[in-house]
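Novice: Okay, so here is start-v4.csv, and as you'll see once you scroll down, it has CSV, N, CA and C atoms.
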chain,number,residue,atom,x,y,z
A,156,MET,N,202.8,152.1,5.5
A,156,MET,CA,204.0,152.8,5.1
A,156,MET,C,205.2,152.1,5.7
A,157,GLU,N,206.2,151.9,4.9
A,157,GLU,CA,207.4,151.2,5.3
A,157,GLU,C,208.3,152.1,6.1
A,158,PRO,N,209.1,151.5,7.0
A,158,PRO,CA,210.0,152.4,7.8
A,158,PRO,C,210.8,153.4,7.1
A,159,HIS,N,211.4,153.0,5.9
A,159,HIS,CA,212.2,153.9,5.2
A,159,HIS,C,211.4,155.1,4.6
A,160,GLU,N,210.1,154.8,4.3
A,160,GLU,CA,209.3,155.9,3.8
A,160,GLU,C,208.9,156.8,4.9
A,161,VAL,N,208.7,156.3,6.1
A,161,VAL,CA,208.4,157.2,7.3
A,161,VAL,C,209.6,158.1,7.5
A,162,LEU,N,210.8,157.5,7.5
A,162,LEU,CA,212.0,158.3,7.7
A,162,LEU,C,212.2,159.4,6.6
A,163,ARG,N,212.0,159.0,5.4
A,163,ARG,CA,212.1,160.0,4.3
A,163,ARG,C,211.1,161.1,4.4
A,164,THR,N,209.9,160.7,4.8
A,164,THR,CA,208.8,161.7,4.9
A,164,THR,C,209.1,162.7,6.1
A,165,ARG,N,209.5,162.1,7.2
A,165,ARG,CA,209.9,163.0,8.3
A,165,ARG,C,211.0,163.9,8.1
A,166,LEU,N,212.1,163.4,7.4
A,166,LEU,CA,213.2,164.3,7.1
A,166,LEU,C,212.8,165.4,6.1
A,167,ALA,N,212.0,165.1,5.1
A,167,ALA,CA,211.5,166.1,4.2
A,167,ALA,C,210.6,167.1,4.9
A,168,GLY,N,209.8,166.7,5.8
A,168,GLY,CA,208.9,167.6,6.6
A,168,GLY,C,209.7,168.5,7.4
A,169,GLN,N,210.8,168.1,7.9
A,169,GLN,CA,211.7,169.0,8.7
A,169,GLN,C,212.7,169.7,7.9
A,170,GLN,N,212.6,169.6,6.6
A,170,GLN,CA,213.5,170.2,5.6
A,170,GLN,C,214.9,169.8,5.8
A,171,LEU,N,215.1,168.6,6.1
A,171,LEU,CA,216.5,168.0,6.3
A,171,LEU,C,216.9,167.2,5.1
A,172,ARG,N,216.0,167.1,4.1
A,172,ARG,CA,216.4,166.6,2.8
A,172,ARG,C,215.5,167.3,1.8
A,173,GLU,N,215.7,167.1,0.5
A,173,GLU,CA,215.0,167.8,-0.5
A,173,GLU,C,213.5,167.6,-0.4
A,174,PRO,N,212.7,168.6,-0.7
A,174,PRO,CA,213.0,169.9,-1.0
A,174,PRO,C,213.4,170.8,0.2
A,175,ARG,N,214.5,171.5,0.1
A,175,ARG,CA,214.9,172.4,1.2
A,175,ARG,C,214.4,173.8,0.9
A,176,ALA,N,214.4,174.6,1.9
A,176,ALA,CA,214.1,176.0,1.7
A,176,ALA,C,215.2,176.7,1.0
A,177,ALA,N,214.8,177.8,0.3
A,177,ALA,CA,215.9,178.6,-0.5
A,177,ALA,C,216.6,179.5,0.5
A,178,THR,N,216.0,179.9,1.5
A,178,THR,CA,216.6,180.9,2.5
A,178,THR,C,216.2,180.5,3.9
A,179,ALA,N,216.9,181.1,4.9
A,179,ALA,CA,216.6,180.8,6.3
A,179,ALA,C,215.2,181.3,6.6
A,180,GLU,N,214.8,182.5,6.1
A,180,GLU,CA,213.5,183.0,6.4
A,180,GLU,C,212.4,182.1,5.8
A,181,GLU,N,212.6,181.5,4.7
A,181,GLU,CA,211.7,180.6,4.1
A,181,GLU,C,211.6,179.3,5.0
A,182,ALA,N,212.7,178.9,5.5
A,182,ALA,CA,212.7,177.7,6.3
A,182,ALA,C,211.8,178.0,7.6
A,183,VAL,N,212.0,179.1,8.2
A,183,VAL,CA,211.3,179.5,9.4
A,183,VAL,C,209.8,179.6,9.1
A,184,LYS,N,209.5,180.2,8.0
A,184,LYS,CA,208.1,180.4,7.6
A,184,LYS,C,207.4,179.0,7.4
A,185,ASN,N,208.2,178.1,6.7
A,185,ASN,CA,207.6,176.7,6.5
A,185,ASN,C,207.4,175.9,7.8
A,186,LEU,N,208.3,176.1,8.7
A,186,LEU,CA,208.3,175.3,10.0
A,186,LEU,C,207.4,176.0,11.1
A,187,LEU,N,207.1,177.3,10.9
A,187,LEU,CA,206.4,178.1,11.8
A,187,LEU,C,207.2,178.7,12.9
A,188,ALA,N,208.0,177.8,13.6
A,188,ALA,CA,208.8,178.3,14.7
A,188,ALA,C,210.0,177.2,14.8
A,189,VAL,N,211.1,177.7,15.2
A,189,VAL,CA,212.3,176.9,15.4
A,189,VAL,C,212.9,177.2,16.7
A,190,GLN,N,213.0,176.1,17.6
A,190,GLN,CA,213.5,176.3,18.9
A,190,GLN,C,214.9,176.9,18.8
A,191,ALA,N,215.1,178.0,19.6
A,191,ALA,CA,216.4,178.7,19.4
A,191,ALA,C,217.0,179.1,20.8
A,192,GLN,N,216.9,178.2,21.8
A,192,GLN,CA,217.4,178.5,23.1
A,192,GLN,C,218.9,178.7,23.1
A,193,GLU,N,219.6,177.8,22.4
A,193,GLU,CA,221.0,177.9,22.3
A,193,GLU,C,221.4,178.5,20.9
A,194,PHE,N,221.7,179.8,20.9
A,194,PHE,CA,221.8,180.5,19.6
A,194,PHE,C,222.7,179.8,18.6
A,195,PRO,N,223.9,179.5,18.9
A,195,PRO,CA,224.8,178.9,17.9
A,195,PRO,C,224.3,177.6,17.3
A,196,TYR,N,223.7,176.8,18.1
A,196,TYR,CA,223.1,175.5,17.6
A,196,TYR,C,221.8,175.8,16.7
A,197,ALA,N,221.0,176.7,17.2
A,197,ALA,CA,219.8,177.1,16.5
A,197,ALA,C,220.1,177.7,15.1
A,198,ARG,N,221.1,178.5,15.1
A,198,ARG,CA,221.6,179.1,13.8
A,198,ARG,C,222.0,178.1,12.9
A,199,TRP,N,222.8,177.1,13.4
A,199,TRP,CA,223.3,176.0,12.5
A,199,TRP,C,222.2,175.2,12.1
A,200,SER,N,221.3,174.8,13.0
A,200,SER,CA,220.1,174.0,12.6
A,200,SER,C,219.3,174.6,11.5
A,201,LEU,N,219.1,175.9,11.6
A,201,LEU,CA,218.3,176.6,10.6
A,201,LEU,C,219.0,176.6,9.3
A,202,ALA,N,220.3,176.9,9.3
A,202,ALA,CA,221.0,176.9,8.0
A,202,ALA,C,221.0,175.5,7.3
A,203,GLN,N,220.9,174.4,8.1
A,203,GLN,CA,220.9,173.1,7.6
A,203,GLN,C,219.6,172.8,6.8
A,204,ARG,N,218.6,173.6,7.0
A,204,ARG,CA,217.3,173.4,6.4
A,204,ARG,C,217.1,174.1,5.1
A,205,THR,N,218.2,174.7,4.6
A,205,THR,CA,218.2,175.5,3.4
A,205,THR,C,219.1,174.9,2.3
A,206,GLY,N,219.0,175.4,1.2
A,206,GLY,CA,219.8,174.9,0.1
A,206,GLY,C,221.3,175.4,0.1
A,207,GLY,N,221.7,176.1,1.1
A,207,GLY,CA,223.0,176.6,1.2
A,207,GLY,C,223.3,177.8,2.0
A,208,ALA,N,222.3,178.2,2.9
A,208,ALA,CA,222.5,179.3,3.8
A,208,ALA,C,223.6,179.1,4.8
A,209,THR,N,224.3,180.1,5.2
A,209,THR,CA,225.4,180.0,6.1
A,209,THR,C,224.9,180.6,7.5
A,210,ALA,N,225.8,180.5,8.5
A,210,ALA,CA,225.5,181.1,9.8
A,210,ALA,C,225.4,182.6,9.6
A,211,ALA,N,226.2,183.2,8.7
A,211,ALA,CA,226.2,184.6,8.4
A,211,ALA,C,224.9,185.0,7.8
A,212,ASP,N,224.3,184.2,6.9
A,212,ASP,CA,223.0,184.5,6.3
A,212,ASP,C,221.9,184.5,7.3
A,213,VAL,N,222.0,183.6,8.3
A,213,VAL,CA,220.9,183.5,9.3
A,213,VAL,C,221.1,184.8,10.2
A,214,GLU,N,222.3,185.1,10.6
A,214,GLU,CA,222.5,186.3,11.4
A,214,GLU,C,222.0,187.6,10.6
A,215,GLN,N,222.3,187.6,9.3
A,215,GLN,CA,221.8,188.8,8.6
A,215,GLN,C,220.3,188.9,8.5
A,216,ALA,N,219.6,187.7,8.4
A,216,ALA,CA,218.2,187.7,8.4
A,216,ALA,C,217.6,188.2,9.7
A,217,LEU,N,218.3,187.9,10.8
A,217,LEU,CA,217.9,188.3,12.1
A,217,LEU,C,218.2,189.8,12.3
A,218,ALA,N,219.3,190.3,11.8
A,218,ALA,CA,219.7,191.7,11.9
A,218,ALA,C,218.7,192.6,11.1
A,219,ASP,N,218.3,192.0,9.9
A,219,ASP,CA,217.3,192.7,9.0
A,219,ASP,C,215.9,192.7,9.6
A,220,GLY,N,215.6,191.8,10.6
A,220,GLY,CA,214.3,191.7,11.1
A,220,GLY,C,213.4,190.8,10.3
A,221,ARG,N,214.0,190.0,9.3
A,221,ARG,CA,213.2,189.0,8.6
A,221,ARG,C,212.8,187.8,9.4
A,222,ILE,N,213.7,187.5,10.3
A,222,ILE,CA,213.5,186.4,11.3
A,222,ILE,C,213.7,187.1,12.7
A,223,LEU,N,212.8,186.7,13.6
A,223,LEU,CA,212.8,187.2,14.9
A,223,LEU,C,213.2,186.1,15.9
A,224,ARG,N,213.9,186.4,17.0
A,224,ARG,CA,214.1,185.5,18.1
A,224,ARG,C,213.4,186.0,19.3
A,225,THR,N,212.4,185.2,19.7
A,225,THR,CA,211.4,185.7,20.6
A,225,THR,C,211.0,184.6,21.6
A,226,HIS,N,210.3,185.0,22.7
A,226,HIS,CA,209.7,184.1,23.6
A,226,HIS,C,208.2,183.9,23.3
A,227,ILE,N,207.8,184.0,22.1
A,227,ILE,CA,206.4,184.0,21.7
A,227,ILE,C,205.6,182.8,22.1
A,228,LEU,N,206.2,181.6,22.1
A,228,LEU,CA,205.4,180.4,22.3
A,228,LEU,C,205.4,179.9,23.7
A,229,ARG,N,206.5,180.1,24.4
A,229,ARG,CA,206.6,179.8,25.8
A,229,ARG,C,207.9,180.5,26.3
A,230,PRO,N,208.3,180.4,27.6
A,230,PRO,CA,209.4,181.1,28.1
A,230,PRO,C,210.8,180.6,27.6
A,231,THR,N,210.9,180.1,26.4
A,231,THR,CA,212.1,179.7,25.8
A,231,THR,C,212.2,180.4,24.4
A,232,TRP,N,213.4,180.6,23.9
A,232,TRP,CA,213.6,181.3,22.7
A,232,TRP,C,213.2,180.5,21.5
A,233,HIS,N,212.6,181.2,20.5
A,233,HIS,CA,212.2,180.6,19.2
A,233,HIS,C,212.5,181.6,18.1
A,234,PHE,N,212.9,181.0,16.9
A,234,PHE,CA,212.9,181.8,15.7
A,234,PHE,C,211.5,181.8,15.1
A,235,VAL,N,211.0,182.9,14.7
A,235,VAL,CA,209.7,183.0,14.0
A,235,VAL,C,209.9,184.0,12.8
A,236,HIS,N,209.1,183.8,11.8
A,236,HIS,CA,209.1,184.7,10.7
A,236,HIS,C,208.4,186.0,11.1
A,237,ARG,N,208.9,187.1,10.7
A,237,ARG,CA,208.2,188.4,11.2
A,237,ARG,C,206.8,188.5,10.8
A,238,ASP,N,206.4,187.9,9.6
A,238,ASP,CA,205.0,187.9,9.2
A,238,ASP,C,204.1,187.1,10.1
A,239,ASP,N,204.6,186.1,10.8
A,239,ASP,CA,203.8,185.3,11.7
A,239,ASP,C,203.7,185.8,13.1
A,240,LEU,N,204.5,186.8,13.5
A,240,LEU,CA,204.4,187.3,14.8
A,240,LEU,C,203.1,187.9,15.3
A,241,PRO,N,202.4,188.6,14.5
A,241,PRO,CA,201.1,189.2,15.0
A,241,PRO,C,200.1,188.1,15.4
A,242,TRP,N,199.9,187.1,14.5
A,242,TRP,CA,198.9,186.1,14.8
A,242,TRP,C,199.4,185.1,15.9
A,243,LEU,N,200.7,184.9,16.0
A,243,LEU,CA,201.2,184.1,17.1
A,243,LEU,C,201.0,184.8,18.4
A,244,ARG,N,201.2,186.1,18.4
A,244,ARG,CA,201.0,186.9,19.7
A,244,ARG,C,199.5,186.8,20.1
A,245,ALA,N,198.6,186.9,19.2
A,245,ALA,CA,197.2,186.8,19.5
A,245,ALA,C,196.8,185.4,20.0
A,246,LEU,N,197.4,184.4,19.4
A,246,LEU,CA,197.1,183.0,19.8
A,246,LEU,C,197.6,182.7,21.2
A,247,GLY,N,198.7,183.2,21.6
A,247,GLY,CA,199.3,183.0,22.9
A,247,GLY,C,199.0,184.0,24.0
A,248,ALA,N,198.1,184.9,23.7
A,248,ALA,CA,197.9,186.0,24.6
A,248,ALA,C,197.3,185.5,25.9
A,249,GLY,N,196.3,184.6,25.9
A,249,GLY,CA,195.7,184.1,27.1
A,249,GLY,C,196.7,183.4,28.0
A,250,GLU,N,197.6,182.6,27.4
A,250,GLU,CA,198.6,181.9,28.2
A,250,GLU,C,199.6,182.9,28.8
A,251,ARG,N,200.0,183.9,28.1
A,251,ARG,CA,200.9,184.8,28.6
A,251,ARG,C,200.3,185.6,29.8
A,252,ARG,N,199.0,186.0,29.7
A,252,ARG,CA,198.4,186.7,30.8
A,252,ARG,C,198.3,185.8,32.0
A,253,ALA,N,198.0,184.5,31.8
A,253,ALA,CA,197.9,183.6,33.0
A,253,ALA,C,199.3,183.4,33.6
A,254,ARG,N,200.3,183.3,32.8
A,254,ARG,CA,201.7,183.2,33.3
A,254,ARG,C,202.1,184.4,34.1
A,255,GLU,N,201.8,185.6,33.6
A,255,GLU,CA,202.1,186.8,34.3
A,255,GLU,C,201.4,187.0,35.6
A,256,LYS,N,200.1,186.6,35.6
A,256,LYS,CA,199.3,186.6,36.8
A,256,LYS,C,199.9,185.7,37.9
A,257,SER,N,200.3,184.5,37.5
A,257,SER,CA,200.9,183.6,38.4
A,257,SER,C,202.2,184.1,38.9
A,258,ARG,N,203.0,184.8,38.1
A,258,ARG,CA,204.3,185.3,38.6
A,258,ARG,C,204.0,186.4,39.6
A,259,ARG,N,203.0,187.3,39.4
A,259,ARG,CA,202.7,188.4,40.3
A,259,ARG,C,202.3,187.8,41.6
A,260,ARG,N,201.4,186.7,41.6
A,260,ARG,CA,200.9,186.1,42.8
A,260,ARG,C,202.1,185.5,43.6
A,261,THR,N,203.0,184.8,42.9
A,261,THR,CA,204.1,184.2,43.5
A,261,THR,C,205.0,185.2,44.2
A,262,ALA,N,205.3,186.3,43.5
A,262,ALA,CA,206.1,187.4,44.1
A,262,ALA,C,205.4,188.0,45.3
A,263,ALA,N,204.1,188.2,45.3
A,263,ALA,CA,203.4,188.8,46.4
A,263,ALA,C,203.4,187.8,47.6
A,264,ASP,N,203.3,186.5,47.3
A,264,ASP,CA,203.3,185.5,48.4
A,264,ASP,C,204.7,185.5,49.1
A,265,VAL,N,205.8,185.6,48.3
A,265,VAL,CA,207.1,185.6,48.8
A,265,VAL,C,207.4,186.8,49.7
A,266,CYS,N,206.9,187.9,49.2
A,266,CYS,CA,207.1,189.2,49.9
A,266,CYS,C,206.2,189.4,51.0
A,267,GLY,N,205.1,188.6,51.1
A,267,GLY,CA,204.2,188.8,52.2
A,267,GLY,C,203.2,189.9,51.9
A,268,VAL,N,203.1,190.3,50.7
A,268,VAL,CA,202.2,191.4,50.3
A,268,VAL,C,200.9,190.9,49.7
A,269,ARG,N,199.9,191.5,50.1
A,269,ARG,CA,198.5,191.1,49.6
A,269,ARG,C,197.8,192.2,49.0
Can you dump the structure from the file as structure tokens?
Specialist:
Amino acid sequence: MEPHEVLRTRLAGQQLREPRAATAEEAVKNLLAVQAQEFPYARWSLAQRTGGATAADVEQALADGRILRTHILRPTWHFVHRDDLPWLRALGAGERRAREKSRRRTAADVCGVR
């Protein structure tokens, strides 16, 4: 594959060139999750992956619950489509339990409680 083909394929895969998603929620559904730690930049980034969504459109999708901003994948914020939340929660359940157990152990060590 030629370098320009790699670039074109990667940009299309990230929905940064045609074909783009019709809506912000379609973009999130296609990408599975979008890093959303810094909300203004994440909102802009998501809108860029559509055929014309605005920041207001992304905010409305969040307000309507079509897109969720959550810590589902790790302790940073991500946008996910509401339909993907149940299976993503199940997928990450073991990691979340281990992280919580580690936090409890750390707190007990600091406080001298056993």
Novice: Segment 156-259 of chain A: which residues are alpha helix (DSSP H) by DSSP, as an NGL selection string?
Specialist: :A and (158-168 or 179-186 or 194-203 or 210-218 or 240-259)
Novice: Looking at A:Gln203, A:Gln190, A:Gln169, A:Thr164, which one is nearest to Leu223 of chain A, with distances taken over only C-alpha atoms?
Specialist: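 Closest residue, counting only C-alpha atoms: A:Gln190.
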Novice: Excluding segment 224-229 of chain A and residues on its chain fewer than 5 positions from it, collect all residues at most 6.5 Å away from it, counting only N, CA and C atoms, and give them as a list of chain:residue names.
Specialist: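 Here the answer would be A:Phe234, A:Val235, A:Leu243, A:Arg244, A:Gly247.
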Novice: Quick one: pick out all strand (DSSP E or B) residues within chain A from a backbone DSSP run and write them as a list in words.
Specialist: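 Written out, the strand (DSSP E or B) residues of chain A are Ala176, Ala188, Val189, Gln190, Thr205, Ile222, Leu223, Arg224, Thr225, His226, Ile227, Leu228, Arg229, Thr231, Trp232, His233, Phe234, Val235 and His236 of chain A.
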Novice: Deliver the residues from the most recent selection as a file, using N, CA and C atoms, as a JSON list (two decimals), in the coordinates of the input.
Specialist:
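Wrote result05.json, looks like this:
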[["chain", "number", "residue", "atom", "x", "y", "z"],
["A", 176, "ALA", "N", 214.40, 174.60, 1.90],
["A", 176, "ALA", "CA", 214.10, 176.00, 1.70],
["A", 176, "ALA", "C", 215.20, 176.70, 1.00],
["A", 188, "ALA", "N", 208.00, 177.80, 13.60],
["A", 188, "ALA", "CA", 208.80, 178.30, 14.70],
["A", 188, "ALA", "C", 210.00, 177.20, 14.80],
["A", 189, "VAL", "N", 211.10, 177.70, 15.20],
["A", 189, "VAL", "CA", 212.30, 176.90, 15.40],
["A", 189, "VAL", "C", 212.90, 177.20, 16.70],
["A", 190, "GLN", "N", 213.00, 176.10, 17.60],
["A", 190, "GLN", "CA", 213.50, 176.30, 18.90],
["A", 190, "GLN", "C", 214.90, 176.90, 18.80],
["A", 205, "THR", "N", 218.20, 174.70, 4.60],
["A", 205, "THR", "CA", 218.20, 175.50, 3.40],
["A", 205, "THR", "C", 219.10, 174.90, 2.30],
["A", 222, "ILE", "N", 213.70, 187.50, 10.30],
["A", 222, "ILE", "CA", 213.50, 186.40, 11.30],
["A", 222, "ILE", "C", 213.70, 187.10, 12.70],
["A", 223, "LEU", "N", 212.80, 186.70, 13.60],
["A", 223, "LEU", "CA", 212.80, 187.20, 14.90],
["A", 223, "LEU", "C", 213.20, 186.10, 15.90],
["A", 224, "ARG", "N", 213.90, 186.40, 17.00],
["A", 224, "ARG", "CA", 214.10, 185.50, 18.10],
["A", 224, "ARG", "C", 213.40, 186.00, 19.30],
["A", 225, "THR", "N", 212.40, 185.20, 19.70],
["A", 225, "THR", "CA", 211.40, 185.70, 20.60],
["A", 225, "THR", "C", 211.00, 184.60, 21.60],
["A", 226, "HIS", "N", 210.30, 185.00, 22.70],
["A", 226, "HIS", "CA", 209.70, 184.10, 23.60],
["A", 226, "HIS", "C", 208.20, 183.90, 23.30],
["A", 227, "ILE", "N", 207.80, 184.00, 22.10],
["A", 227, "ILE", "CA", 206.40, 184.00, 21.70],
["A", 227, "ILE", "C", 205.60, 182.80, 22.10],
["A", 228, "LEU", "N", 206.20, 181.60, 22.10],
["A", 228, "LEU", "CA", 205.40, 180.40, 22.30],
["A", 228, "LEU", "C", 205.40, 179.90, 23.70],
["A", 229, "ARG", "N", 206.50, 180.10, 24.40],
["A", 229, "ARG", "CA", 206.60, 179.80, 25.80],
["A", 229, "ARG", "C", 207.90, 180.50, 26.30],
["A", 231, "THR", "N", 210.90, 180.10, 26.40],
["A", 231, "THR", "CA", 212.10, 179.70, 25.80],
["A", 231, "THR", "C", 212.20, 180.40, 24.40],
["A", 232, "TRP", "N", 213.40, 180.60, 23.90],
["A", 232, "TRP", "CA", 213.60, 181.30, 22.70],
["A", 232, "TRP", "C", 213.20, 180.50, 21.50],
["A", 233, "HIS", "N", 212.60, 181.20, 20.50],
["A", 233, "HIS", "CA", 212.20, 180.60, 19.20],
["A", 233, "HIS", "C", 212.50, 181.60, 18.10],
["A", 234, "PHE", "N", 212.90, 181.00, 16.90],
["A", 234, "PHE", "CA", 212.90, 181.80, 15.70],
["A", 234, "PHE", "C", 211.50, 181.80, 15.10],
["A", 235, "VAL", "N", 211.00, 182.90, 14.70],
["A", 235, "VAL", "CA", 209.70, 183.00, 14.00],
["A", 235, "VAL", "C", 209.90, 184.00, 12.80],
["A", 236, "HIS", "N", 209.10, 183.80, 11.80],
["A", 236, "HIS", "CA", 209.10, 184.70, 10.70],
["A", 236, "HIS", "C", 208.40, 186.00, 11.10]]
Novice: Could you please determine the separation between atom CA of Val189 of chain A and atom C of Trp232 of chain A in Å, to one decimal place?
Specialist: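 Atom-to-atom, atom CA of Val189 of chain A and atom C of Trp232 of chain A are spaced 7.1 Å apart.
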Novice: Pick from A:Ala188, A:Ala245, A:Ala216, A:Ala208: nearest to Thr231 of chain A, with only C-alpha atoms counted?
Specialist: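 For Thr231 of chain A, the nearest of the given residues is A:Ala188.
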Novice: Provide the atom CA of Glu160 of chain A to atom CA of Gly207 of chain A distance in Å, to one decimal place.
Specialist: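 Computing the Euclidean distance for atom CA of Glu160 of chain A and atom CA of Gly207 of chain A yields 25.0 Å.
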Novice: Point out the residue among A:Leu162, A:Pro241, A:His233, A:Leu217 with the least atom-to-atom distance to Glu180 of chain A, counting only N, CA and C atoms.
Specialist: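 Comparing A:Leu162, A:Pro241, A:His233, A:Leu217 against Glu180 of chain A, the winner is A:Leu217.
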Novice: So which one's closest to Gln170 of chain A, A:Arg204, A:Ala191, A:Arg198, A:Glu157? Using only N, CA and C atoms, please.
Specialist: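 When distances to Gln170 of chain A are compared using only N, CA and C atoms, the smallest one comes from A:Arg204.
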Novice: Compare A:Ala248, A:His236, A:Leu201, A:Met156 by their minimum atom-to-atom distance to Asn185 of chain A, counting all atoms listed in the file, and give me the closest one.
Specialist: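 Comparing A:Ala248, A:His236, A:Leu201, A:Met156 against Asn185 of chain A, the winner is A:His236.
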Novice: Give me, please, the distance in Å between atom CA of Ala197 of chain A and atom CA of His159 of chain A, quoted to one decimal.
Specialist: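 Computing the Euclidean distance for atom CA of Ala197 of chain A and atom CA of His159 of chain A yields 26.9 Å.
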Novice: In terms of the shortest atom-to-atom distance over all atoms listed in the file, which of A:Thr178, A:Phe194, A:Trp242, A:Lys256 is closest to Asp212 of chain A?
Specialist: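 For Asp212 of chain A, the nearest of the candidates is A:Thr178.
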